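Read through the structure below, which is laid out as structure tokens, and then see the notes.
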Amino acid sequence: MEKLLWSIQGKAMYTLYIGNPTLTDNRVLCNSCLSCKAGQGHCCSNIGYVGGSTSGGYGEYVAVDEQSLYPLGDIPLEYAAVIEPLAVVHHAIKESGVKDWKDKTVLVLGGGPIGFALLLLLRAHGATNVVVSEPATRRREQVSEYAQVVIDPVKEKVGDKCRELTDGRGVDVIFDCAGVPIALQAGFDAIRASGLYMMVAVWEKPLTLPCWEFLAKHITVKGVLIFSTEDFREVMQMVAEDQLNILSFLSFLIPLFPGRIGLDDIVEKGFKELINNKDKHQDTSEPEEHHYSIAVEYEDHEIYP
Ligand SMILES: [Zn+2]
């Protein structure tokens with residue numbers, strides 16, 4: 001009897017066979033800590049990652065838990081490659097606790113890869129009043145299709161612009177995808193009283209909050225990391241149902257890649273290229289979230305048409 005692994009678009013996916021395109025949930029959970037036992041694997045105190053805490057995902061063979069395997073069905077491989085970051089932002093949006101985004105004003109700080117992914121998911125969640133603050137011209141152009149207002153924080157004061165757009169109140173929710181003090185200060189100025197500040201970015205330095213605004217505005221700051229199994233499956237479903245414009249996300253990411261490469265070239269043309277020619281693959285005109293990705297051409301499957 002075959003074993004049901006996953007269903008997508010109402011189509012049941014059974015035991016894998018050699019050659020089936022498959023996606024792996026890259027989290028490695030301990031399944032024994034209090035968070036795991038409470039069904040909150042995203043807070044696992046012993047969390048690891050395939051390729052980080054285990055042998056690498058770029059190896060010819062890798063051992064993973066059967067529970068973390070997802071047959072892709074009709075989802076193209078290049079779409080599958082971005083499901084993980086989309087699950088991260090989907091998780092952040094859900095963790096905000098906001099149920100109805102229609103009337104919420106949202107500010108996204110940073111229009112890099114994670115900021116762009118957030119815009120796609122915010123739209124899918126029904127948000128229609130989204131402002132992006134992004135200093136890099138090219139990125140402002142790229143996010144303009146998905147944001148109602150795009151601000152250049154070098155030329156405009158983010159708080160003033162947000163108050164102008166919200167009858168003087170300030171925005172309801174902020175997603176910080178920048179992870180730098182100057183953006184955080186702008187956010188604390190732009191947020192309304194009792195607003196929610198979602199910290200998505202990973203800070204390289206200790207996080208210091210502007211104390212007066214934090215206290216006086218009664219701001220709630222919430223940190224988020226990775227995603228739950230449910231988040232991962234929901235995003236897979238959204239991608240399978242073509243609810244997200246994945247091609248636009250791939251177009252956004254292409255300049256950050258070293259190009260199309262085969263697995264045999266992953267070290268020289270992938271890792272070493274990113275390490276040695278960092279500036280070539282990173283938009284250095286603004287603080288970056290430090291998310292790097294590598295596109296891999298595997299056998300006959302091409303990443304981009
Ligand atoms: Zn655990």
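By order of appearance in the structure tokens: chains A, B, ..., then residues from 1 within every chain, and ligands from 1 in the order shown.
Residue neighbourhood of Ala201 (chain A), excluding near-sequence residues (fewer than 5 positions): Asp176, Cys177, Ala178, Gly179 and Glu289 of chain A, at 8 Å, using only C-alpha atoms.
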Could you write out that same residue set with N, CA and C atoms as a tab-separated table (two decimals), in the first residue's frame?
```tsv
chain	number	residue	atom	x	y	z
A	176	ASP	N	9.84	45.14	9.46
A	176	ASP	CA	11.21	45.61	9.31
A	176	ASP	C	12.03	44.54	8.60
A	177	CYS	N	12.35	44.80	7.35
A	177	CYS	CA	13.17	43.87	6.56
A	177	CYS	C	14.54	44.49	6.30
A	178	ALA	N	14.86	45.54	7.02
A	178	ALA	CA	16.12	46.25	6.79
A	178	ALA	C	17.17	45.88	7.83
A	179	GLY	N	16.79	45.88	9.10
A	179	GLY	CA	17.72	45.44	10.14
A	179	GLY	C	18.83	46.43	10.44
A	289	GLU	N	19.70	42.71	3.63
A	289	GLU	CA	19.30	41.73	4.65
A	289	GLU	C	20.26	40.55	4.73
```
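Selection of all polymer residues within 8 Å of ligand 1 on the basis of only C-alpha atoms and all ligand atoms gives Leu29, Cys30, Asn31, Ser32, Cys33, Leu34, Ser35, Cys36, Lys37, Gly41, Cys43, Cys44, Ser45, Asn46 and Ile47 of chain A.
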Do you know which residues are at most 7 Å from region 50-62 of chain A counting only C-alpha atoms, after dropping those on the same chain fewer than 3 positions away, and could you put them as an mmCIF file with N, CA and C atoms, in the first residue's frame?
```
data_model
loop_
_atom_site.group_PDB
_atom_site.id
_atom_site.type_symbol
_atom_site.label_atom_id
_atom_site.label_comp_id
_atom_site.auth_asym_id
_atom_site.auth_seq_id
_atom_site.Cartn_x
_atom_site.Cartn_y
_atom_site.Cartn_z
ATOM 1 N N ASN A 26 13.669 22.575 4.899
ATOM 2 C CA ASN A 26 15.074 22.492 5.330
ATOM 3 C C ASN A 26 15.265 22.577 6.845
ATOM 4 N N ARG A 27 14.184 22.724 7.594
ATOM 5 C CA ARG A 27 14.340 22.772 9.051
ATOM 6 C C ARG A 27 14.616 21.364 9.602
ATOM 7 N N VAL A 28 15.451 21.299 10.602
ATOM 8 C CA VAL A 28 15.666 20.039 11.310
ATOM 9 C C VAL A 28 15.229 20.280 12.755
#
```
For Ser133 (chain A), the closest of A:Ile18, A:Ala63, A:Cys162, A:Ile93 counting only C-alpha atoms is A:Cys162
* Please, what distance in Å, to one decimal, runs between CA of Glu156 (chain A) and CA of Leu120 (chain A)? ->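 Answer for the CA of Glu156 (chain A) to CA of Leu120 (chain A) separation: 24.6 Å.
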Near Glu84 (chain A), counting only C-alpha atoms, which residues have an atom at most 12 Å away, once you skip same-chain residues fewer than 5 positions from it, shown as a PyMOL selection string? chain A and resi 23-27+78-79+89-91+114+117+225-229+231-236+239+293
(message) With DSSP run on the backbone, what are the alpha helix (DSSP H) residues within region 63-275 of chain A? I'd like them as a PyMOL selection string.
(response) chain A and resi 77-80+83-95+113-124+137-143+158-165+181-190+211-216+229-240+246-253+272-275
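Taking only C-alpha atoms into account, Leu77 (chain A) lies nearest to A:Ala240 out of the set A:Leu165, A:Ala240, A:Leu196, A:Ile254.
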Self-check item: Picked from region 200-281 of chain A by DSSP as strand (DSSP E or B), as a list in words
Solution: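 Going through region 200-281 of chain A, the strand (DSSP E or B) residues come out as Thr220, Val221, Lys222, Gly223 and Gly262 of chain A.
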Shortest contact to Asp103 (chain A), candidates A:Phe188, A:Gln67, A:Val132, A:Asp172, atoms counted only C-alpha atoms, goes to A:Asp172
Practice task
Would you kindly return, as number ranges by chain, each protein, DNA or RNA residue with an atom no farther than 7 Å from any atom of Tyr197 (chain A), considering only C-alpha atoms and excluding same-chain residues fewer than 5 positions away?
Solution key: A: 173-175, 220-222
What is the CA of Lys217 (chain A) to CA of Ala186 (chain A) distance in Å?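 Distance reported for this atom pair: 14.0 Å.
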